[in-house]
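Structure file input.cif (mmCIF, C-alpha atoms and all ligand atoms) follows.
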data_coords
loop_
_atom_site.label_atom_id
_atom_site.label_comp_id
_atom_site.auth_asym_id
_atom_site.auth_seq_id
_atom_site.Cartn_x
_atom_site.Cartn_y
_atom_site.Cartn_z
CA MET A 47 -8.76 88.35 -88.20
CA GLU A 48 -11.22 91.10 -87.54
CA VAL A 49 -11.14 92.27 -83.91
CA ILE A 50 -14.13 94.27 -82.68
CA ILE A 51 -14.08 95.78 -79.19
CA LYS A 52 -17.46 96.75 -77.74
CA ASP A 53 -18.01 98.60 -74.46
CA CYS A 54 -19.85 95.71 -72.76
CA ALA A 55 -20.75 92.04 -73.17
CA GLU A 56 -24.39 92.89 -73.94
CA ASN A 57 -23.54 95.12 -76.90
CA ALA A 58 -20.97 92.59 -78.10
CA SER A 59 -23.58 89.80 -77.92
CA ASN A 60 -26.21 91.86 -79.70
CA LEU A 61 -23.76 92.47 -82.53
CA ALA A 62 -23.01 88.74 -82.73
CA ALA A 63 -26.76 87.97 -82.86
CA LYS A 64 -27.15 90.54 -85.62
CA ILE A 65 -24.41 88.87 -87.67
CA ILE A 66 -25.98 85.42 -87.14
CA SER A 67 -29.48 86.65 -88.06
CA GLY A 68 -27.99 88.31 -91.16
CA PHE A 69 -26.66 84.90 -92.25
CA ILE A 70 -30.05 83.26 -91.71
CA LYS A 71 -31.93 85.99 -93.56
CA LYS A 72 -29.59 85.62 -96.53
CA LYS A 73 -29.56 81.80 -96.41
CA PRO A 74 -32.54 80.36 -94.49
CA ASP A 75 -30.96 76.88 -94.48
CA THR A 76 -27.78 78.15 -92.81
CA VAL A 77 -25.76 75.48 -90.96
CA LEU A 78 -24.75 76.93 -87.60
CA GLY A 79 -22.01 75.61 -85.36
CA LEU A 80 -22.96 76.37 -81.76
CA ALA A 81 -21.08 76.73 -78.49
CA THR A 82 -21.95 76.40 -74.81
CA GLY A 83 -20.52 77.98 -71.65
CA SER A 84 -21.45 81.32 -70.12
CA THR A 85 -20.19 83.41 -73.05
CA PRO A 86 -22.90 82.77 -75.70
CA LEU A 87 -25.85 83.06 -73.29
CA LEU A 88 -26.64 86.67 -74.21
CA VAL A 89 -26.35 85.84 -77.91
CA TYR A 90 -28.98 83.11 -77.52
CA LYS A 91 -31.15 85.51 -75.52
CA GLU A 92 -31.01 88.11 -78.29
CA LEU A 93 -31.64 85.51 -81.04
CA ILE A 94 -34.71 84.34 -79.10
CA ARG A 95 -35.89 87.98 -78.91
CA LEU A 96 -35.36 88.37 -82.67
CA HIS A 97 -37.38 85.19 -83.21
CA LYS A 98 -40.25 86.25 -80.93
CA ASN A 99 -40.42 89.95 -81.83
CA GLU A 100 -38.94 90.31 -85.28
CA GLY A 101 -39.95 87.12 -87.09
CA LEU A 102 -36.50 85.54 -87.35
CA SER A 103 -37.18 81.89 -88.21
CA PHE A 104 -34.89 78.91 -87.59
CA ARG A 105 -37.27 76.48 -89.36
CA ASN A 106 -34.73 75.62 -92.05
CA VAL A 107 -31.56 76.06 -89.99
CA THR A 108 -29.39 73.08 -89.01
CA THR A 109 -27.11 73.20 -85.96
CA PHE A 110 -24.07 71.26 -84.78
CA ASN A 111 -22.70 71.80 -81.30
CA LEU A 112 -18.99 71.76 -80.68
CA ASP A 113 -18.79 69.31 -77.81
CA GLU A 114 -20.38 67.20 -75.10
CA TYR A 115 -19.27 65.46 -71.92
CA ALA A 116 -18.65 61.71 -72.10
CA GLY A 117 -20.88 59.57 -69.90
CA LEU A 118 -23.73 62.08 -69.43
CA SER A 119 -27.18 61.30 -70.76
CA PRO A 120 -28.72 64.10 -72.84
CA GLU A 121 -31.31 64.51 -70.04
CA ASN A 122 -28.64 65.16 -67.40
CA PRO A 123 -29.11 68.84 -66.41
CA SER A 124 -25.32 69.41 -66.64
CA SER A 125 -25.09 68.07 -70.21
CA PHE A 126 -24.63 70.47 -73.10
CA SER A 127 -27.78 68.89 -74.58
CA SER A 128 -29.79 70.22 -71.63
CA TYR A 129 -28.00 73.56 -71.83
CA MET A 130 -28.94 73.97 -75.50
CA LYS A 131 -32.58 73.00 -74.96
CA ASP A 132 -32.99 75.28 -71.94
CA ASN A 133 -31.11 78.29 -73.27
CA PHE A 134 -32.01 78.19 -76.95
CA PHE A 135 -33.76 75.37 -78.79
CA ARG A 136 -37.02 75.21 -76.83
CA HIS A 137 -37.56 78.95 -77.33
CA ILE A 138 -37.28 78.97 -81.14
CA ASP A 139 -38.93 77.17 -84.06
CA ILE A 140 -36.04 74.85 -84.99
CA PRO A 141 -37.14 71.22 -85.60
CA SER A 142 -35.40 69.01 -83.03
CA LEU A 143 -34.18 66.69 -85.81
CA SER A 144 -32.17 69.62 -87.22
CA THR A 145 -30.16 70.07 -84.00
CA HIS A 146 -27.07 67.92 -83.42
CA ILE A 147 -24.89 67.46 -80.36
CA PRO A 148 -22.12 64.85 -80.10
CA ASP A 149 -23.40 61.68 -78.43
CA GLY A 150 -21.26 61.27 -75.32
CA TYR A 151 -23.59 58.68 -73.78
CA THR A 152 -22.98 55.84 -76.21
CA LYS A 153 -20.66 52.94 -75.36
CA ASP A 154 -18.92 53.41 -78.71
CA LEU A 155 -17.55 56.94 -78.46
CA GLN A 156 -15.18 56.44 -81.38
CA SER A 157 -18.01 55.59 -83.82
CA SER A 158 -20.04 58.45 -82.40
CA CYS A 159 -17.21 60.86 -83.39
CA GLU A 160 -17.05 59.40 -86.90
CA GLU A 161 -20.85 59.60 -87.32
CA TYR A 162 -20.80 63.22 -86.22
CA GLU A 163 -18.24 64.14 -88.86
CA LYS A 164 -20.33 62.37 -91.52
CA LYS A 165 -23.44 64.32 -90.52
CA ILE A 166 -21.57 67.64 -90.73
CA ALA A 167 -20.27 66.72 -94.18
CA ALA A 168 -23.76 65.60 -95.33
CA SER A 169 -25.19 68.97 -94.27
CA GLY A 170 -22.77 70.71 -96.63
CA GLY A 171 -20.49 71.94 -93.82
CA ILE A 172 -20.81 74.66 -91.22
CA ASP A 173 -21.55 78.15 -92.55
CA LEU A 174 -20.99 80.03 -89.31
CA GLN A 175 -19.28 78.66 -86.20
CA LEU A 176 -19.97 80.45 -82.92
CA LEU A 177 -17.08 80.11 -80.44
CA GLY A 178 -15.94 81.03 -76.97
CA ILE A 179 -12.42 80.66 -75.63
CA GLY A 180 -11.14 78.93 -72.50
CA GLU A 181 -8.88 80.70 -70.02
CA ASP A 182 -6.10 78.39 -71.24
CA GLY A 183 -6.77 79.30 -74.89
CA HIS A 184 -8.86 76.22 -75.70
CA LEU A 185 -11.43 76.18 -78.50
CA ALA A 186 -14.40 73.88 -77.91
CA PHE A 187 -12.61 71.25 -75.75
CA ASN A 188 -9.37 71.34 -77.74
CA GLU A 189 -7.02 71.83 -74.83
CA PRO A 190 -3.46 73.19 -75.20
CA SER A 191 -1.27 70.76 -77.18
CA SER A 192 -4.25 69.61 -79.30
CA SER A 193 -3.21 69.24 -82.92
CA LEU A 194 -4.28 72.24 -84.96
CA ALA A 195 -5.44 69.71 -87.59
CA SER A 196 -7.44 67.61 -85.09
CA ARG A 197 -10.82 66.03 -85.89
CA THR A 198 -13.85 65.11 -83.76
CA ARG A 199 -12.55 62.84 -81.01
CA ILE A 200 -12.38 61.98 -77.32
CA LYS A 201 -10.31 64.33 -75.16
CA THR A 202 -9.26 64.50 -71.52
CA LEU A 203 -10.03 67.84 -69.86
CA SER A 204 -7.26 69.91 -68.31
CA GLU A 205 -7.42 70.86 -64.63
CA VAL A 206 -7.99 74.52 -65.59
CA THR A 207 -11.07 73.57 -67.62
CA ILE A 208 -12.37 71.23 -64.94
CA LYS A 209 -12.18 74.06 -62.39
CA ALA A 210 -13.78 76.56 -64.80
CA ASN A 211 -16.75 74.21 -65.37
CA ALA A 212 -17.09 72.98 -61.77
CA SER A 213 -20.06 75.19 -60.87
CA ALA A 214 -22.30 73.43 -63.44
CA PHE A 215 -21.66 70.13 -61.61
CA GLY A 216 -21.60 71.25 -57.98
CA GLY A 217 -17.85 70.72 -57.60
CA ALA A 218 -14.69 69.96 -59.61
CA ASP A 219 -14.67 66.31 -58.46
CA LYS A 220 -18.02 65.77 -60.24
CA VAL A 221 -16.92 67.14 -63.65
CA PRO A 222 -16.46 64.30 -66.19
CA ARG A 223 -12.80 63.90 -67.17
CA HIS A 224 -13.58 63.02 -70.78
CA VAL A 225 -15.46 64.72 -73.58
CA ILE A 226 -16.21 64.48 -77.29
CA THR A 227 -15.17 67.60 -79.14
CA MET A 228 -14.97 68.77 -82.72
CA GLY A 229 -11.31 69.21 -83.58
CA THR A 230 -9.53 72.46 -84.35
CA GLY A 231 -9.30 71.14 -87.93
CA ASN A 232 -13.13 70.93 -88.10
CA ILE A 233 -13.46 74.46 -86.75
CA LEU A 234 -11.05 75.79 -89.36
CA GLU A 235 -13.23 74.20 -92.08
CA SER A 236 -16.30 76.26 -91.18
CA LYS A 237 -16.83 79.11 -93.62
CA TYR A 238 -17.00 81.87 -91.01
CA CYS A 239 -15.87 81.87 -87.37
CA LEU A 240 -17.38 84.21 -84.78
CA LEU A 241 -15.57 84.11 -81.43
CA LEU A 242 -16.69 86.01 -78.35
CA ALA A 243 -14.71 86.63 -75.17
CA PHE A 244 -15.73 88.66 -72.15
CA GLY A 245 -14.06 89.66 -68.91
CA ALA A 246 -10.52 90.20 -67.62
CA LYS A 247 -9.99 86.48 -66.97
CA LYS A 248 -9.99 85.91 -70.76
CA ALA A 249 -7.54 88.78 -71.54
CA SER A 250 -4.39 86.68 -71.55
CA ALA A 251 -5.91 83.93 -73.77
CA VAL A 252 -7.23 86.64 -76.13
CA LYS A 253 -3.79 88.25 -76.34
CA ASN A 254 -2.20 84.87 -77.21
CA MET A 255 -4.93 84.06 -79.74
CA VAL A 256 -4.77 87.35 -81.63
CA GLU A 257 -1.19 88.56 -81.23
CA GLY A 258 0.76 85.46 -80.18
CA ALA A 259 2.40 82.86 -82.37
CA VAL A 260 0.17 80.26 -84.07
CA SER A 261 0.75 77.40 -81.70
CA ALA A 262 -0.89 74.25 -80.36
CA SER A 263 -0.15 75.73 -76.92
CA CYS A 264 -2.99 78.16 -77.63
CA PRO A 265 -5.44 76.25 -79.88
CA ALA A 266 -7.48 79.44 -80.51
CA SER A 267 -4.44 80.98 -82.25
CA ALA A 268 -5.30 78.62 -85.16
CA LEU A 269 -7.97 81.18 -86.07
CA GLN A 270 -5.13 83.35 -87.41
CA LEU A 271 -5.13 80.85 -90.30
CA HIS A 272 -8.86 81.22 -90.97
CA ARG A 273 -10.04 83.48 -93.80
CA HIS A 274 -13.08 84.87 -91.99
CA ALA A 275 -12.50 84.93 -88.25
CA VAL A 276 -14.30 87.71 -86.40
CA ILE A 277 -13.42 88.21 -82.73
CA ILE A 278 -15.86 90.28 -80.65
CA LEU A 279 -14.61 91.36 -77.23
CA ASP A 280 -15.69 93.51 -74.34
CA LYS A 281 -13.16 96.04 -73.02
CA PRO A 282 -11.72 93.91 -70.16
CA ALA A 283 -11.08 90.95 -72.49
CA ALA A 284 -9.29 93.29 -74.94
CA GLU A 285 -7.17 94.94 -72.26
CA LEU A 286 -3.85 93.21 -73.04
CA LEU A 287 -4.00 93.64 -76.82
CA GLN A 288 -1.10 95.74 -78.04
CA ASN A 289 -2.83 96.88 -81.24
CA LYS A 290 -6.19 97.76 -79.65
CA ASP A 291 -6.21 101.28 -81.14
CA TYR A 292 -5.59 99.90 -84.61
CA TYR A 293 -8.48 97.38 -84.32
CA ASN A 294 -10.80 100.21 -83.21
CA TYR A 295 -9.59 102.41 -86.07
CA VAL A 296 -10.23 99.66 -88.63
CA TYR A 297 -13.73 99.03 -87.27
CA GLN A 298 -14.65 102.72 -87.24
CA ASN A 299 -13.43 103.11 -90.82
CA LYS A 300 -15.07 100.07 -92.37
CA PRO A 301 -16.53 100.80 -95.81
CA ASP A 302 -20.33 101.10 -95.70
CA TRP A 303 -20.91 97.84 -97.58
CA GLN A 304 -18.89 95.94 -95.01
CA ARG A 305 -20.55 97.36 -91.89
CA TYR A 306 -22.56 95.16 -89.52
CA GLU A 307 -24.27 98.07 -87.77
C1 LIG B 401 -15.98 75.41 -72.24
C2 LIG B 401 -16.50 75.03 -73.64
C3 LIG B 401 -16.03 76.01 -74.69
C4 LIG B 401 -16.19 77.41 -74.13
C5 LIG B 401 -15.19 77.61 -73.03
C6 LIG B 401 -15.37 78.91 -72.27
O1 LIG B 401 -15.25 74.44 -71.60
N1 LIG B 401 -16.22 73.70 -74.07
O2 LIG B 401 -16.78 75.84 -75.88
O3 LIG B 401 -15.94 78.37 -75.13
O4 LIG B 401 -15.10 76.51 -72.16
O5 LIG B 401 -16.45 78.86 -71.38
P1 LIG B 401 -17.15 80.15 -70.80
O6 LIG B 401 -17.85 80.77 -71.94
O7 LIG B 401 -18.09 79.65 -69.75
O8 LIG B 401 -16.08 81.02 -70.26
#
Spit out the file's structure as structure tokens when you get a sec.
Amino acid sequence: MEVIIKDCAENASNLAAKIISGFIKKKPDTVLGLATGSTPLLVYKELIRLHKNEGLSFRNVTTFNLDEYAGLSPENPSSFSSYMKDNFFRHIDIPSLSTHIPDGYTKDLQSSCEEYEKKIAASGGIDLQLLGIGEDGHLAFNEPSSSLASRTRIKTLSEVTIKANASAFGGADKVPRHVITMGTGNILESKYCLLLAFGAKKASAVKNMVEGAVSASCPASALQLHRHAVIILDKPAAELLQNKDYYNYVYQNKPDWQRYE
């Protein structure tokens, strides 16, 4: 795991956008795995700026989102489909047929999960997966106790996650209880994982993910098993890490050819 601690969420997000745009410049048909929530918003903002001002094109990029609520139509303003259109897709030049979000609105959720996996495989697999982390250590909607080998499937949200996402629905009682999510096993198959976490409320989950035991109790700890997992934090999210100084030392002393900035 590479742990990078930046002084604020904006600088952390700009670095993440730089890494993503580097992938696209090298491989214009990059397959991106995308995340929702408050954490990636500044990354999308910076990618949009790079598109508008610096010619970054998404014309040949394919995207797969991690998850979606069950029972919400894609037009529902609280759906992750709406989130992605509003915060990213409608501002860039990606063809809509190249963007994929699990279909949580179908009657046959099980087949929808299987179809999603087939589409990911047909695209050649995810090159870079963007991730956030839940306060309880979840990745996508893989809540604590999810198998670390899990696949795309239907999950029941924990109370912690329901509360954390309540504002998007105008109250916890309105948050759907079920979702479709890529599994931790799918996430581990992506070639490169880029996880962002900001703010003191993520510090405990970050500590468990980076320095705790690999355990289904903290699904994000599975990233310790990934060959290219890069974790970008702001200072409050890094606060509980025991080896903070070492991570900073490693980053400052990266060989030139490995530097991102
Ligand atoms: C949500 C999403 C995750 C996200 C996490 C953190 O429930 N399913 O993909 O990483 O919770 O959300 P936020 O970034 O808003 O803190």
List as a tab-separated table (two decimals) with C-alpha atoms, in the coordinates of the input the protein and nucleic acid residues lying within 6 Å of ligand LIG 401 (chain B), with only C-alpha atoms and all ligand atoms counted.
chain	number	residue	atom	x	y	z
A	81	ALA	CA	-21.08	76.73	-78.49
A	82	THR	CA	-21.95	76.40	-74.81
A	83	GLY	CA	-20.52	77.98	-71.65
A	84	SER	CA	-21.45	81.32	-70.12
A	85	THR	CA	-20.19	83.41	-73.05
A	177	LEU	CA	-17.08	80.11	-80.44
A	178	GLY	CA	-15.94	81.03	-76.97
A	179	ILE	CA	-12.42	80.66	-75.63
A	180	GLY	CA	-11.14	78.93	-72.50
A	185	LEU	CA	-11.43	76.18	-78.50
A	186	ALA	CA	-14.40	73.88	-77.91
A	187	PHE	CA	-12.61	71.25	-75.75
A	207	THR	CA	-11.07	73.57	-67.62
Within 10 Å of Gly150 (chain A), counting only C-alpha atoms, which residues show up once you throw out same-chain ones fewer than 4 positions away? Write them as a list in words, please. Asp113, Glu114, Tyr115, Ala116, Gly117, Leu118, Ser119, Pro120, Ser125, Asp154, Leu155, Gln156, Ser158, Cys159, Ile200, His224, Val225, Ile226 and Thr227 of chain A
All file atoms of region 132-142 of chain A boxed axis-aligned, 8 Å per side, centre plus edges, as AutoDock Vina command-line options:
--center_x -35.0 --center_y 74.0 --center_z -78.8 --size_x 23.8 --size_y 26.0 --size_z 29.7
As a ChimeraX atom specification, please: the residues near Leu174 (chain A) (cut-off 12 Å, all atoms listed in the file, same-chain neighbours under 6 positions excluded). /A:62-63,65-70,73,75-81,107-111,233-241,274-276
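Nearest to Thr198 (chain A) of all the residues A:Ser124, A:Gly229, A:Asp219, A:Ala210 is A:Gly229, based on all atoms listed in the file.
The gap separating CA of Asp302 (chain A) from CA of Leu287 (chain A) is 26.1 Å, in Å to one decimal.
Taking CA of Leu61 (chain A) as the reference point, CA of Phe135 (chain A) is found at 20.2 Å.
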Complete region 176-208 of chain A with N, CA and C atoms (output as an mmCIF file, in the frame of the given file).
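Saved to result-v2.cif:
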data_model
loop_
_atom_site.group_PDB
_atom_site.id
_atom_site.type_symbol
_atom_site.label_atom_id
_atom_site.label_comp_id
_atom_site.auth_asym_id
_atom_site.auth_seq_id
_atom_site.Cartn_x
_atom_site.Cartn_y
_atom_site.Cartn_z
ATOM 1 N N LEU A 176 -20.038 79.595 -84.101
ATOM 2 C CA LEU A 176 -19.970 80.450 -82.920
ATOM 3 C C LEU A 176 -18.988 79.820 -81.930
ATOM 4 N N LEU A 177 -18.126 80.646 -81.327
ATOM 5 C CA LEU A 177 -17.080 80.110 -80.440
ATOM 6 C C LEU A 177 -16.899 80.971 -79.203
ATOM 7 N N GLY A 178 -16.490 80.324 -78.113
ATOM 8 C CA GLY A 178 -15.940 81.030 -76.970
ATOM 9 C C GLY A 178 -14.482 80.636 -76.882
ATOM 10 N N ILE A 179 -13.821 81.052 -75.815
ATOM 11 C CA ILE A 179 -12.420 80.660 -75.630
ATOM 12 C C ILE A 179 -12.214 80.321 -74.155
ATOM 13 N N GLY A 180 -11.448 79.281 -73.885
ATOM 14 C CA GLY A 180 -11.140 78.930 -72.500
ATOM 15 C C GLY A 180 -10.031 79.825 -71.961
ATOM 16 N N GLU A 181 -9.935 79.880 -70.637
ATOM 17 C CA GLU A 181 -8.880 80.700 -70.020
ATOM 18 C C GLU A 181 -7.493 80.213 -70.427
ATOM 19 N N ASP A 182 -7.392 78.940 -70.800
ATOM 20 C CA ASP A 182 -6.100 78.390 -71.240
ATOM 21 C C ASP A 182 -5.958 78.436 -72.771
ATOM 22 N N GLY A 183 -6.866 79.159 -73.432
ATOM 23 C CA GLY A 183 -6.770 79.300 -74.890
ATOM 24 C C GLY A 183 -7.445 78.178 -75.655
ATOM 25 N N HIS A 184 -8.237 77.325 -74.951
ATOM 26 C CA HIS A 184 -8.860 76.220 -75.700
ATOM 27 C C HIS A 184 -10.048 76.703 -76.537
ATOM 28 N N LEU A 185 -10.273 75.977 -77.605
ATOM 29 C CA LEU A 185 -11.430 76.180 -78.500
ATOM 30 C C LEU A 185 -12.250 74.916 -78.399
ATOM 31 N N ALA A 186 -13.572 75.045 -78.199
ATOM 32 C CA ALA A 186 -14.400 73.880 -77.910
ATOM 33 C C ALA A 186 -13.736 73.176 -76.721
ATOM 34 N N PHE A 187 -13.383 71.878 -76.823
ATOM 35 C CA PHE A 187 -12.610 71.250 -75.750
ATOM 36 C C PHE A 187 -11.227 70.844 -76.281
ATOM 37 N N ASN A 188 -10.722 71.592 -77.245
ATOM 38 C CA ASN A 188 -9.370 71.340 -77.740
ATOM 39 C C ASN A 188 -8.390 72.042 -76.807
ATOM 40 N N GLU A 189 -7.890 71.275 -75.871
ATOM 41 C CA GLU A 189 -7.020 71.830 -74.830
ATOM 42 C C GLU A 189 -5.623 72.108 -75.411
ATOM 43 N N PRO A 190 -4.825 72.948 -74.722
ATOM 44 C CA PRO A 190 -3.460 73.190 -75.200
ATOM 45 C C PRO A 190 -2.730 71.883 -75.491
ATOM 46 N N SER A 191 -2.025 71.890 -76.598
ATOM 47 C CA SER A 191 -1.270 70.760 -77.180
ATOM 48 C C SER A 191 -2.112 69.954 -78.166
ATOM 49 N N SER A 192 -3.425 70.270 -78.275
ATOM 50 C CA SER A 192 -4.250 69.610 -79.300
ATOM 51 C C SER A 192 -3.694 69.954 -80.674
ATOM 52 N N SER A 193 -3.663 68.966 -81.553
ATOM 53 C CA SER A 193 -3.210 69.240 -82.920
ATOM 54 C C SER A 193 -4.099 70.307 -83.562
ATOM 55 N N LEU A 194 -3.485 71.208 -84.278
ATOM 56 C CA LEU A 194 -4.280 72.240 -84.960
ATOM 57 C C LEU A 194 -5.029 71.646 -86.150
ATOM 58 N N ALA A 195 -4.727 70.396 -86.498
ATOM 59 C CA ALA A 195 -5.440 69.710 -87.590
ATOM 60 C C ALA A 195 -6.415 68.677 -87.031
ATOM 61 N N SER A 196 -6.665 68.691 -85.719
ATOM 62 C CA SER A 196 -7.440 67.610 -85.090
ATOM 63 C C SER A 196 -8.878 67.537 -85.581
ATOM 64 N N ARG A 197 -9.439 66.311 -85.465
ATOM 65 C CA ARG A 197 -10.820 66.030 -85.890
ATOM 66 C C ARG A 197 -11.676 65.724 -84.647
ATOM 67 N N THR A 198 -12.928 65.452 -84.861
ATOM 68 C CA THR A 198 -13.850 65.110 -83.760
ATOM 69 C C THR A 198 -13.336 63.851 -83.055
ATOM 70 N N ARG A 199 -13.179 63.958 -81.733
ATOM 71 C CA ARG A 199 -12.550 62.840 -81.010
ATOM 72 C C ARG A 199 -12.789 62.962 -79.507
ATOM 73 N N ILE A 200 -12.256 61.976 -78.783
ATOM 74 C CA ILE A 200 -12.380 61.980 -77.320
ATOM 75 C C ILE A 200 -11.175 62.719 -76.761
ATOM 76 N N LYS A 201 -11.423 63.601 -75.789
ATOM 77 C CA LYS A 201 -10.310 64.330 -75.160
ATOM 78 C C LYS A 201 -10.427 64.239 -73.646
ATOM 79 N N THR A 202 -9.295 64.420 -72.981
ATOM 80 C CA THR A 202 -9.260 64.500 -71.520
ATOM 81 C C THR A 202 -9.187 65.976 -71.148
ATOM 82 N N LEU A 203 -10.036 66.423 -70.229
ATOM 83 C CA LEU A 203 -10.030 67.840 -69.860
ATOM 84 C C LEU A 203 -8.834 68.199 -69.000
ATOM 85 N N SER A 204 -8.357 69.421 -69.150
ATOM 86 C CA SER A 204 -7.260 69.910 -68.310
ATOM 87 C C SER A 204 -7.841 70.327 -66.943
ATOM 88 N N GLU A 205 -6.957 70.461 -65.961
ATOM 89 C CA GLU A 205 -7.420 70.860 -64.630
ATOM 90 C C GLU A 205 -8.027 72.266 -64.647
ATOM 91 N N VAL A 206 -7.453 73.141 -65.475
ATOM 92 C CA VAL A 206 -7.990 74.520 -65.590
ATOM 93 C C VAL A 206 -9.441 74.475 -66.047
ATOM 94 N N THR A 207 -9.709 73.657 -67.075
ATOM 95 C CA THR A 207 -11.070 73.570 -67.620
ATOM 96 C C THR A 207 -12.015 72.914 -66.620
ATOM 97 N N ILE A 208 -11.525 71.895 -65.939
ATOM 98 C CA ILE A 208 -12.370 71.230 -64.940
ATOM 99 C C ILE A 208 -12.798 72.241 -63.870
#
